[in-house]
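To be precise, the following lines are query29.cif, and they hold mmCIF, C-alpha atoms.
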data_structure
loop_
_atom_site.group_PDB
_atom_site.id
_atom_site.type_symbol
_atom_site.label_atom_id
_atom_site.label_comp_id
_atom_site.auth_asym_id
_atom_site.auth_seq_id
_atom_site.Cartn_x
_atom_site.Cartn_y
_atom_site.Cartn_z
ATOM 1 C CA MET A 55 181.772 81.182 117.157
ATOM 2 C CA TRP A 56 180.908 78.723 119.897
ATOM 3 C CA GLU A 57 182.043 79.571 123.374
ATOM 4 C CA VAL A 58 181.978 77.166 126.294
ATOM 5 C CA VAL A 59 180.917 78.727 129.562
ATOM 6 C CA ASN A 60 183.476 77.593 132.114
ATOM 7 C CA VAL A 61 181.681 76.829 135.359
ATOM 8 C CA GLU A 62 184.968 77.076 137.229
ATOM 9 C CA ASP A 63 185.159 80.741 136.179
ATOM 10 C CA LEU A 64 181.742 81.273 137.749
ATOM 11 C CA ARG A 65 182.809 79.542 140.948
ATOM 12 C CA GLU A 66 185.715 81.965 141.299
ATOM 13 C CA LYS A 67 183.125 84.534 142.298
ATOM 14 C CA PHE A 68 182.557 82.795 145.620
ATOM 15 C CA VAL A 69 185.329 80.271 146.158
ATOM 16 C CA CYS A 70 187.229 82.638 148.462
ATOM 17 C CA SER A 71 184.174 83.898 150.293
ATOM 18 C CA THR A 72 183.885 83.310 154.020
ATOM 19 C CA PRO A 73 180.781 81.391 155.200
ATOM 20 C CA VAL A 74 178.355 83.305 157.413
ATOM 21 C CA GLU A 75 175.405 82.185 159.510
ATOM 22 C CA ILE A 76 172.138 82.944 157.704
ATOM 23 C CA ASP A 77 168.656 82.928 159.194
ATOM 24 C CA ILE A 78 166.874 79.943 157.666
ATOM 25 C CA GLU A 79 163.557 81.767 157.432
ATOM 26 C CA ARG A 80 165.187 84.352 155.146
ATOM 27 C CA ILE A 81 166.124 81.728 152.542
ATOM 28 C CA HIS A 82 163.709 80.749 149.748
ATOM 29 C CA PRO A 83 164.125 77.962 147.130
ATOM 30 C CA PHE A 84 165.625 78.519 143.701
ATOM 31 C CA LYS A 85 162.887 79.358 141.201
ATOM 32 C CA LYS A 86 161.589 76.179 139.483
ATOM 33 C CA HIS A 87 164.148 74.087 141.311
ATOM 34 C CA PRO A 88 164.046 70.676 139.531
ATOM 35 C CA PHE A 89 165.550 68.527 142.298
ATOM 36 C CA LYS A 90 163.136 66.855 144.683
ATOM 37 C CA VAL A 91 163.638 67.140 148.443
ATOM 38 C CA LEU A 92 162.154 63.942 149.856
ATOM 39 C CA ASP A 93 161.799 62.649 153.399
ATOM 40 C CA ASP A 94 163.346 59.304 152.450
ATOM 41 C CA ASP A 95 166.098 57.123 153.935
ATOM 42 C CA SER A 96 168.766 59.362 152.425
ATOM 43 C CA MET A 97 167.248 62.379 154.167
ATOM 44 C CA LYS A 98 167.147 60.490 157.460
ATOM 45 C CA GLU A 99 170.869 59.794 157.104
ATOM 46 C CA LEU A 100 171.556 63.453 156.350
ATOM 47 C CA ILE A 101 169.544 64.574 159.376
ATOM 48 C CA GLU A 102 171.444 62.137 161.588
ATOM 49 C CA SER A 103 174.781 63.331 160.189
ATOM 50 C CA ILE A 104 173.960 67.015 160.732
ATOM 51 C CA SER A 105 172.681 66.288 164.243
ATOM 52 C CA LYS A 106 176.027 64.728 165.164
ATOM 53 C CA GLN A 107 178.536 66.757 163.162
ATOM 54 C CA GLY A 108 176.716 69.892 162.060
ATOM 55 C CA ILE A 109 176.667 71.191 158.487
ATOM 56 C CA LEU A 110 180.173 70.558 157.159
ATOM 57 C CA SER A 111 179.614 72.061 153.705
ATOM 58 C CA PRO A 112 178.072 75.567 153.609
ATOM 59 C CA VAL A 113 175.092 76.125 151.339
ATOM 60 C CA LEU A 114 175.379 78.562 148.454
ATOM 61 C CA VAL A 115 172.915 81.435 148.179
ATOM 62 C CA ARG A 116 172.636 84.720 146.353
ATOM 63 C CA GLN A 117 171.199 87.972 147.613
ATOM 64 C CA ALA A 118 167.563 88.601 146.744
ATOM 65 C CA VAL A 119 165.171 91.429 147.619
ATOM 66 C CA ASN A 120 164.301 92.821 151.050
ATOM 67 C CA GLY A 121 167.206 91.130 152.817
ATOM 68 C CA THR A 122 166.251 87.626 151.676
ATOM 69 C CA PHE A 123 168.370 85.012 149.943
ATOM 70 C CA GLU A 124 167.752 82.568 147.113
ATOM 71 C CA MET A 125 169.144 79.069 147.541
ATOM 72 C CA ILE A 126 171.448 77.936 144.723
ATOM 73 C CA SER A 127 172.958 74.785 146.179
ATOM 74 C CA GLY A 128 171.901 73.159 149.452
ATOM 75 C CA HIS A 129 168.131 72.584 149.383
ATOM 76 C CA ARG A 130 168.458 69.169 151.067
ATOM 77 C CA ARG A 131 170.776 70.506 153.767
ATOM 78 C CA LEU A 132 168.328 73.355 154.416
ATOM 79 C CA HIS A 133 165.411 70.928 154.731
ATOM 80 C CA ALA A 134 167.398 68.736 157.132
ATOM 81 C CA ALA A 135 168.348 71.768 159.212
ATOM 82 C CA GLU A 136 164.675 72.778 159.432
ATOM 83 C CA LYS A 137 163.726 69.253 160.510
ATOM 84 C CA ILE A 138 166.285 69.375 163.299
ATOM 85 C CA GLY A 139 165.019 72.781 164.396
ATOM 86 C CA LEU A 140 168.072 74.883 163.545
ATOM 87 C CA LYS A 141 167.462 78.619 163.187
ATOM 88 C CA THR A 142 170.548 79.433 161.119
ATOM 89 C CA ILE A 143 172.666 77.661 158.535
ATOM 90 C CA PRO A 144 176.231 78.357 157.316
ATOM 91 C CA GLY A 145 176.243 79.720 153.804
ATOM 92 C CA ILE A 146 178.301 81.530 151.201
ATOM 93 C CA VAL A 147 176.560 84.610 149.821
ATOM 94 C CA ILE A 148 177.106 85.927 146.311
ATOM 95 C CA SER A 149 175.597 89.115 144.986
ATOM 96 C CA ASP A 150 176.748 89.420 141.395
ATOM 97 C CA LEU A 151 175.427 86.280 139.678
ATOM 98 C CA THR A 152 173.032 86.633 136.759
ATOM 99 C CA ASP A 153 169.986 84.354 136.596
ATOM 100 C CA ASP A 154 171.644 82.242 133.917
ATOM 101 C CA GLU A 155 174.912 81.931 135.855
ATOM 102 C CA ALA A 156 173.000 80.945 138.983
ATOM 103 C CA THR A 157 171.064 78.317 137.005
ATOM 104 C CA ILE A 158 174.248 76.773 135.600
ATOM 105 C CA ILE A 159 175.868 76.527 139.042
ATOM 106 C CA MET A 160 172.660 75.190 140.609
ATOM 107 C CA VAL A 161 172.396 72.431 138.001
ATOM 108 C CA ASP A 162 176.058 71.419 138.049
ATOM 109 C CA SER A 163 176.207 71.392 141.852
ATOM 110 C CA ASN A 164 173.277 68.977 142.094
ATOM 111 C CA LEU A 165 174.052 66.686 139.160
ATOM 112 C CA HIS A 166 177.066 65.337 141.047
ATOM 113 C CA ARG A 167 174.798 63.709 143.628
ATOM 114 C CA GLU A 168 174.926 59.897 143.674
ATOM 115 C CA GLU A 169 171.194 59.367 143.187
ATOM 116 C CA ILE A 170 169.433 61.493 140.578
ATOM 117 C CA LEU A 171 165.928 60.723 139.368
ATOM 118 C CA PRO A 172 165.381 60.776 135.586
ATOM 119 C CA SER A 173 162.926 63.667 135.963
ATOM 120 C CA GLU A 174 165.466 65.673 137.975
ATOM 121 C CA ARG A 175 168.169 65.095 135.399
ATOM 122 C CA ALA A 176 165.774 65.896 132.556
ATOM 123 C CA PHE A 177 164.558 69.255 133.834
ATOM 124 C CA SER A 178 167.961 70.324 135.165
ATOM 125 C CA LEU A 179 169.634 69.648 131.806
ATOM 126 C CA LYS A 180 166.874 71.586 130.068
ATOM 127 C CA MET A 181 167.333 74.502 132.470
ATOM 128 C CA LYS A 182 171.062 74.533 131.777
ATOM 129 C CA MET A 183 170.459 74.325 128.020
ATOM 130 C CA ASP A 184 168.059 77.269 128.230
ATOM 131 C CA ALA A 185 170.503 79.284 130.359
ATOM 132 C CA LEU A 186 173.356 78.744 127.924
ATOM 133 C CA ARG A 187 171.063 79.541 125.021
ATOM 134 C CA HIS A 188 170.198 82.882 126.631
ATOM 135 C CA GLN A 189 173.919 83.603 126.648
ATOM 136 C CA GLY A 190 174.202 82.767 122.964
ATOM 137 C CA VAL A 191 176.131 79.569 123.645
ATOM 138 C CA CYS A 192 173.544 76.861 122.956
ATOM 139 C CA ARG A 193 170.742 76.087 120.596
ATOM 140 C CA HIS A 194 168.092 73.422 120.994
ATOM 141 C CA ASN A 195 165.699 72.494 118.200
ATOM 142 C CA GLY A 196 162.937 70.204 119.378
ATOM 143 C CA ASP A 197 163.359 66.513 118.568
ATOM 144 C CA ASN A 198 165.811 66.977 115.690
ATOM 145 C CA LEU A 199 169.504 67.109 116.484
ATOM 146 C CA SER A 200 171.280 69.400 114.040
ATOM 147 C CA ARG A 201 175.061 69.837 114.163
ATOM 148 C CA ALA A 202 174.547 72.935 116.301
ATOM 149 C CA ASP A 203 172.199 71.057 118.617
ATOM 150 C CA LYS A 204 174.689 68.219 119.057
ATOM 151 C CA LYS A 205 177.415 70.655 119.970
ATOM 152 C CA SER A 206 175.216 72.496 122.463
ATOM 153 C CA ALA A 207 174.078 69.201 124.008
ATOM 154 C CA ALA A 208 177.729 68.166 124.328
ATOM 155 C CA ILE A 209 178.440 71.392 126.223
ATOM 156 C CA VAL A 210 175.504 70.780 128.558
ATOM 157 C CA GLY A 211 176.469 67.175 129.222
ATOM 158 C CA LYS A 212 180.163 67.810 129.776
ATOM 159 C CA GLU A 213 179.905 68.477 133.532
ATOM 160 C CA SER A 214 177.826 65.339 134.157
ATOM 161 C CA GLY A 215 179.663 63.014 131.760
ATOM 162 C CA LEU A 216 176.765 62.577 129.345
ATOM 163 C CA ALA A 217 177.002 62.284 125.574
ATOM 164 C CA ALA A 218 175.035 64.735 123.427
ATOM 165 C CA ARG A 219 172.499 62.066 122.445
ATOM 166 C CA SER A 220 171.870 61.187 126.101
ATOM 167 C CA VAL A 221 171.327 64.855 126.988
ATOM 168 C CA HIS A 222 168.811 65.162 124.174
ATOM 169 C CA ARG A 223 166.927 62.050 125.297
ATOM 170 C CA TYR A 224 166.688 63.257 128.880
ATOM 171 C CA ILE A 225 165.382 66.637 127.743
ATOM 172 C CA CYS A 226 162.706 64.815 125.725
ATOM 173 C CA LEU A 227 161.353 63.425 129.012
ATOM 174 C CA THR A 228 160.276 66.940 130.034
ATOM 175 C CA ALA A 229 157.519 66.647 127.413
ATOM 176 C CA LEU A 230 155.905 63.708 129.235
ATOM 177 C CA VAL A 231 152.670 64.211 131.130
ATOM 178 C CA PRO A 232 153.436 64.237 134.887
ATOM 179 C CA GLU A 233 152.030 60.780 135.694
ATOM 180 C CA LEU A 234 154.107 59.109 132.990
ATOM 181 C CA LEU A 235 157.229 60.939 134.164
ATOM 182 C CA ASP A 236 156.530 59.740 137.711
ATOM 183 C CA MET A 237 156.346 56.189 136.325
ATOM 184 C CA VAL A 238 159.801 56.646 134.798
ATOM 185 C CA ASP A 239 161.118 57.819 138.190
ATOM 186 C CA ARG A 240 159.572 54.783 139.889
ATOM 187 C CA LYS A 241 160.969 52.476 137.165
ATOM 188 C CA GLU A 242 157.470 51.400 136.220
ATOM 189 C CA LEU A 243 158.142 52.737 132.714
ATOM 190 C CA SER A 244 161.558 52.368 131.101
ATOM 191 C CA LEU A 245 163.492 55.490 130.213
ATOM 192 C CA VAL A 246 163.641 54.367 126.559
ATOM 193 C CA ASN A 247 159.866 53.911 126.359
ATOM 194 C CA GLY A 248 159.388 57.207 128.178
ATOM 195 C CA VAL A 249 161.463 59.048 125.575
ATOM 196 C CA GLU A 250 159.498 57.459 122.719
ATOM 197 C CA ILE A 251 156.137 58.268 124.323
ATOM 198 C CA SER A 252 157.225 61.874 124.931
ATOM 199 C CA ARG A 253 157.161 62.429 121.170
ATOM 200 C CA PHE A 254 153.386 61.933 121.052
ATOM 201 C CA ALA A 255 150.859 64.691 121.678
ATOM 202 C CA LYS A 256 149.656 65.067 125.273
ATOM 203 C CA GLU A 257 146.255 63.602 124.404
ATOM 204 C CA VAL A 258 147.827 60.455 122.957
ATOM 205 C CA GLN A 259 150.081 60.196 126.019
ATOM 206 C CA GLU A 260 146.966 60.146 128.180
ATOM 207 C CA TYR A 261 145.652 57.166 126.160
ATOM 208 C CA LEU A 262 148.919 55.337 126.710
ATOM 209 C CA LEU A 263 148.824 56.189 130.407
ATOM 210 C CA GLU A 264 145.400 54.591 130.753
ATOM 211 C CA TYR A 265 146.606 51.523 128.868
ATOM 212 C CA ILE A 266 149.616 51.130 131.171
ATOM 213 C CA LYS A 267 147.431 51.558 134.264
ATOM 214 C CA LYS A 268 145.080 48.863 133.015
ATOM 215 C CA ASN A 269 147.664 46.387 131.712
ATOM 216 C CA GLY A 270 150.642 47.108 133.938
ATOM 217 C CA ARG A 271 153.112 47.749 131.129
ATOM 218 C CA ILE A 272 153.582 48.721 127.501
ATOM 219 C CA GLU A 273 155.887 47.079 124.950
ATOM 220 C CA PRO A 274 158.194 48.865 122.474
ATOM 221 C CA THR A 275 156.375 47.038 119.646
ATOM 222 C CA GLN A 276 153.131 48.722 120.699
ATOM 223 C CA ILE A 277 154.733 52.170 120.703
ATOM 224 C CA ASP A 278 156.289 51.436 117.302
ATOM 225 C CA ALA A 279 152.878 50.485 115.931
ATOM 226 C CA LEU A 280 151.511 53.900 116.911
ATOM 227 C CA LYS A 281 154.584 55.688 115.530
ATOM 228 C CA LYS A 282 153.959 54.137 112.113
ATOM 229 C CA LEU A 283 150.615 55.916 111.806
ATOM 230 C CA SER A 284 150.610 58.861 109.412
ATOM 231 C CA ASN A 285 148.495 60.976 111.759
ATOM 232 C CA PRO A 286 148.890 59.750 115.361
ATOM 233 C CA GLU A 287 147.642 63.123 116.641
ATOM 234 C CA ASN A 288 144.150 62.183 115.352
ATOM 235 C CA LEU A 289 143.979 58.949 117.340
ATOM 236 C CA THR A 290 140.880 58.184 119.365
ATOM 237 C CA PRO A 291 141.086 56.193 122.612
ATOM 238 C CA TYR A 292 139.369 53.219 120.949
ATOM 239 C CA THR A 293 141.719 53.221 117.946
ATOM 240 C CA ALA A 294 144.796 53.546 120.146
ATOM 241 C CA MET A 295 143.730 50.639 122.374
ATOM 242 C CA THR A 296 142.901 48.480 119.343
ATOM 243 C CA ILE A 297 146.270 49.103 117.715
ATOM 244 C CA MET A 298 148.171 48.359 120.923
ATOM 245 C CA LYS A 299 146.218 45.173 121.605
ATOM 246 C CA GLN A 300 146.894 43.952 118.076
ATOM 247 C CA ALA A 301 150.590 44.796 118.405
ATOM 248 C CA ALA A 302 150.737 42.809 121.646
ATOM 249 C CA VAL A 303 149.183 39.759 119.934
ATOM 250 C CA ASN A 304 151.644 39.997 117.037
ATOM 251 C CA LYS A 305 154.669 40.434 119.300
ATOM 252 C CA PRO A 306 157.569 38.371 117.891
ATOM 253 C CA VAL A 307 158.722 35.442 120.008
ATOM 254 C CA SER A 308 162.052 36.152 121.639
ATOM 255 C CA LYS A 309 164.869 33.729 120.732
ATOM 256 C CA LYS A 310 167.366 35.216 123.139
ATOM 257 C CA LEU A 311 169.003 32.792 125.567
ATOM 258 C CA ASP A 312 170.170 33.741 129.036
ATOM 259 C CA LEU A 313 172.634 31.168 130.333
ATOM 260 C CA THR A 314 173.962 32.988 133.355
ATOM 261 C CA GLY A 315 176.706 31.683 135.590
ATOM 262 C CA ARG A 316 174.190 31.198 138.391
ATOM 263 C CA LYS A 317 172.084 28.860 136.226
ATOM 264 C CA LEU A 318 175.100 26.861 135.083
ATOM 265 C CA ASN A 319 176.507 26.597 138.610
ATOM 266 C CA SER A 320 173.474 24.531 139.607
ATOM 267 C CA ILE A 321 174.353 21.984 136.890
ATOM 268 C CA PHE A 322 178.125 21.801 136.583
ATOM 269 C CA PRO A 323 180.669 20.973 139.309
ATOM 270 C CA GLU A 324 182.271 24.083 140.730
ATOM 271 C CA GLU A 325 185.760 23.148 139.499
ATOM 272 C CA TYR A 326 184.688 22.991 135.822
ATOM 273 C CA SER A 327 186.194 25.864 133.833
ATOM 274 C CA ALA A 328 184.150 28.030 131.456
ATOM 275 C CA ALA A 329 185.871 26.377 128.456
ATOM 276 C CA LYS A 330 185.005 22.885 129.710
ATOM 277 C CA ARG A 331 181.404 23.874 130.345
ATOM 278 C CA GLU A 332 181.123 25.329 126.871
ATOM 279 C CA ARG A 333 182.586 22.168 125.298
ATOM 280 C CA ILE A 334 180.090 19.949 127.122
ATOM 281 C CA ILE A 335 177.155 22.171 126.157
ATOM 282 C CA ILE A 336 178.172 22.130 122.475
ATOM 283 C CA GLU A 337 178.581 18.328 122.488
ATOM 284 C CA LEU A 338 175.158 17.847 124.055
ATOM 285 C CA LEU A 339 173.543 20.231 121.565
ATOM 286 C CA LYS A 340 175.127 18.353 118.644
ATOM 287 C CA LYS A 341 173.773 15.094 120.043
ATOM 288 C CA TRP A 342 170.331 16.675 120.449
ATOM 289 C CA LYS A 343 170.431 17.940 116.860
ATOM 290 C CA GLU A 344 171.328 14.500 115.493
ATOM 291 C CA GLU A 345 168.507 12.812 117.402
ATOM 292 C CA ASN A 346 166.021 15.519 116.487
ATOM 293 C CA CYS A 347 166.865 15.305 112.790
ATOM 294 C CA GLN A 348 166.497 11.512 112.805
ATOM 295 C CA GLU A 349 163.032 11.855 114.391
ATOM 296 C CA SER A 350 162.042 14.315 111.675
ATOM 297 C CA VAL A 351 163.098 11.886 108.932
ATOM 298 C CA ILE A 352 161.123 9.048 110.510
ATOM 299 C CA VAL A 353 157.973 11.207 110.712
ATOM 300 C CA GLU A 354 158.296 12.268 107.089
ATOM 301 C CA GLU A 355 158.719 8.668 105.920
#

Just give me the structure as C-alpha cells.
Amino acid sequence: MWEVVNVEDLREKFVCSTPVEIDIERIHPFKKHPFKVLDDDSMKELIESISKQGILSPVLVRQAVNGTFEMISGHRRLHAAEKIGLKTIPGIVISDLTDDEATIIMVDSNLHREEILPSERAFSLKMKMDALRHQGVCRHNGDNLSRADKKSAAIVGKESGLAARSVHRYICLTALVPELLDMVDRKELSLVNGVEISRFAKEVQEYLLEYIKKNGRIEPTQIDALKKLSNPENLTPYTAMTIMKQAAVNKPVSKKLDLTGRKLNSIFPEEYSAAKRERIIIELLKKWKEENCQESVIVEE
C-alpha cells in the first residue's frame, strides 16, 4: 500500500511551540543543505528588512549534540543576522524529528520561495524522494519511470505543484557535472538540454562542456546525434566534436514565423483590429503568391 506522508502532520510537532532566542554560534547548517545562500540583491533586501523590523518569522531548528542546533528552515535569515552582527536569533526548537522528517520539512519550507535555482530544486526534490523512500513511501528507478516511480514522483511534487514528469526531469539534473549544472542555473544551458546531457556518462559530459565553452552553445540536434550512437560511452573527444560539428552543419532550417504584436504595431495603424490586420496580411500574401507563380512560369518558358 502507498501512504502519503502528510507534512502538516509533521508540522504539528512544532506549530504550538514558543520561539526562544538561540545563540547564533550554536547553530550549524542542515547536512547537505541544497539551497544556496548568496550575497545578492535579495540578501541585501533581507538584511535591510531585518535591520529595520527584526526577524519576523522565527527559524526552525532541531536539537543536536553538545547543546548545538541544526538549522532546518532559515539559513538565509541566519546569514543575514550574522551580517548585521546579531548574537541571537528567534527560533522554534524541536527535539523529536527523525532525519527523514527533518529533510521533508526542510525541502518543503524552502521550495515555496519565489526564486529557486534549477540546481536547488533538483537536489531538494532528490533529497525528499530519498527521505520518503527510506520510509517505504517512494521508489525511484534511475531514468525509467515505472508506475511506482510516477506515483512516488507525484507525491514528491505535490507540495511544490510539480507533475511527476517534471520532478523526474529535475532529479536527472543532479547527474550533471558541476560546471554544466552551474550553466543551467545561469541560463547559459537550457533546462531541457541539461536533462538530456545528464543521461550521458560523466566523461562524455566533459566533452560537451568543452564544446559549449568553445562555441558558446549546443543545439538539441547535436545532442540527438550523440544519443543515436549505439555506444556513446565509448566516445573519444575527437569523435564527439566531429559528430556535433556535422550535426550543426546539417541543422534543419527553421520555418517558424514570429509575427508579434510589437512587430505589427510598427506597420499597422493603432486602431486596426487583429481581424483587420489578419485580413490585410492574407490578401497581400495571396497577391505575392500570384506574382511569384507567374514569374516561375515565365522562367520555365

- [ ] Please measure the separation of atom CA of A:Lys141 and atom CA of A:Asp95, giving the value in Å to one decimal.
- [x]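 Atom CA of A:Lys141 sits 23.4 Å away from atom CA of A:Asp95.
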
A straight line from atom CA of A:Ile272 to atom CA of A:Leu234 spans 11.8 Å

Rounded to one decimal in Å, what is the spacing between atom CA of A:Leu171 and atom CA of A:Arg240?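 Those two atoms sit 8.7 Å apart.
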
With distances taken over only C-alpha atoms, the candidate from A:Gly248, A:Pro83, A:Pro291, A:Pro172 nearest A:Leu114 is A:Pro83

(request) Taking the point (162.7, 63.8, 132.2) as given in the file, collect each protein or nucleic acid residue that comes within 10 Å of it, counting only C-alpha atoms, and present the set as a VMD selection string. (result) chain A and resid 171 to 180 223 to 230 232 234 to 236 238 to 239 245 248 to 249 252

task = Just the residues within 10 Å of A:Asp154, please, counting all atoms listed in the file, with nothing from its chain fewer than 4 positions along; format it as a PyMOL selection string.
result = chain A and resi 158-160+181-189

| query | Could you spell out the hits of the PyMOL selection byres ((chain A and resi 89-91) around 6) on the shown file, as a ChimeraX atom specification? | reply | /A:87-88,92,130,174

Within 12 Å of (168.0, 70.3, 165.1) (file coordinates; all atoms listed in the file), which protein or nucleic acid residues are there? I'd like them as a PyMOL selection string. chain A and resi 100-109+131-143

Hey, can you spit out that residue selection with C-alpha atoms as a CSV table (one decimal), in the frame of the given file?
chain,number,residue,atom,x,y,z
A,100,LEU,CA,171.6,63.5,156.4
A,101,ILE,CA,169.5,64.6,159.4
A,102,GLU,CA,171.4,62.1,161.6
A,103,SER,CA,174.8,63.3,160.2
A,104,ILE,CA,174.0,67.0,160.7
A,105,SER,CA,172.7,66.3,164.2
A,106,LYS,CA,176.0,64.7,165.2
A,107,GLN,CA,178.5,66.8,163.2
A,108,GLY,CA,176.7,69.9,162.1
A,109,ILE,CA,176.7,71.2,158.5
A,131,ARG,CA,170.8,70.5,153.8
A,132,LEU,CA,168.3,73.4,154.4
A,133,HIS,CA,165.4,70.9,154.7
A,134,ALA,CA,167.4,68.7,157.1
A,135,ALA,CA,168.3,71.8,159.2
A,136,GLU,CA,164.7,72.8,159.4
A,137,LYS,CA,163.7,69.3,160.5
A,138,ILE,CA,166.3,69.4,163.3
A,139,GLY,CA,165.0,72.8,164.4
A,140,LEU,CA,168.1,74.9,163.5
A,141,LYS,CA,167.5,78.6,163.2
A,142,THR,CA,170.5,79.4,161.1
A,143,ILE,CA,172.7,77.7,158.5

If you count all atoms listed in the file, which residues fall within 12 Å of A:Ile321, apart from same-chain ones fewer than 6 positions away, as a PyMOL selection string?
-> chain A and resi 313-315+331+334-335

Can I get the selection written as a compact mmCIF listing (two decimals), in the coordinates of the input, with C-alpha atoms?
# COMPACT_ATOMS: atom_id res chain seq x y z
CA LEU A 313 172.63 31.17 130.33
CA THR A 314 173.96 32.99 133.35
CA GLY A 315 176.71 31.68 135.59
CA ARG A 331 181.40 23.87 130.34
CA ILE A 334 180.09 19.95 127.12
CA ILE A 335 177.16 22.17 126.16
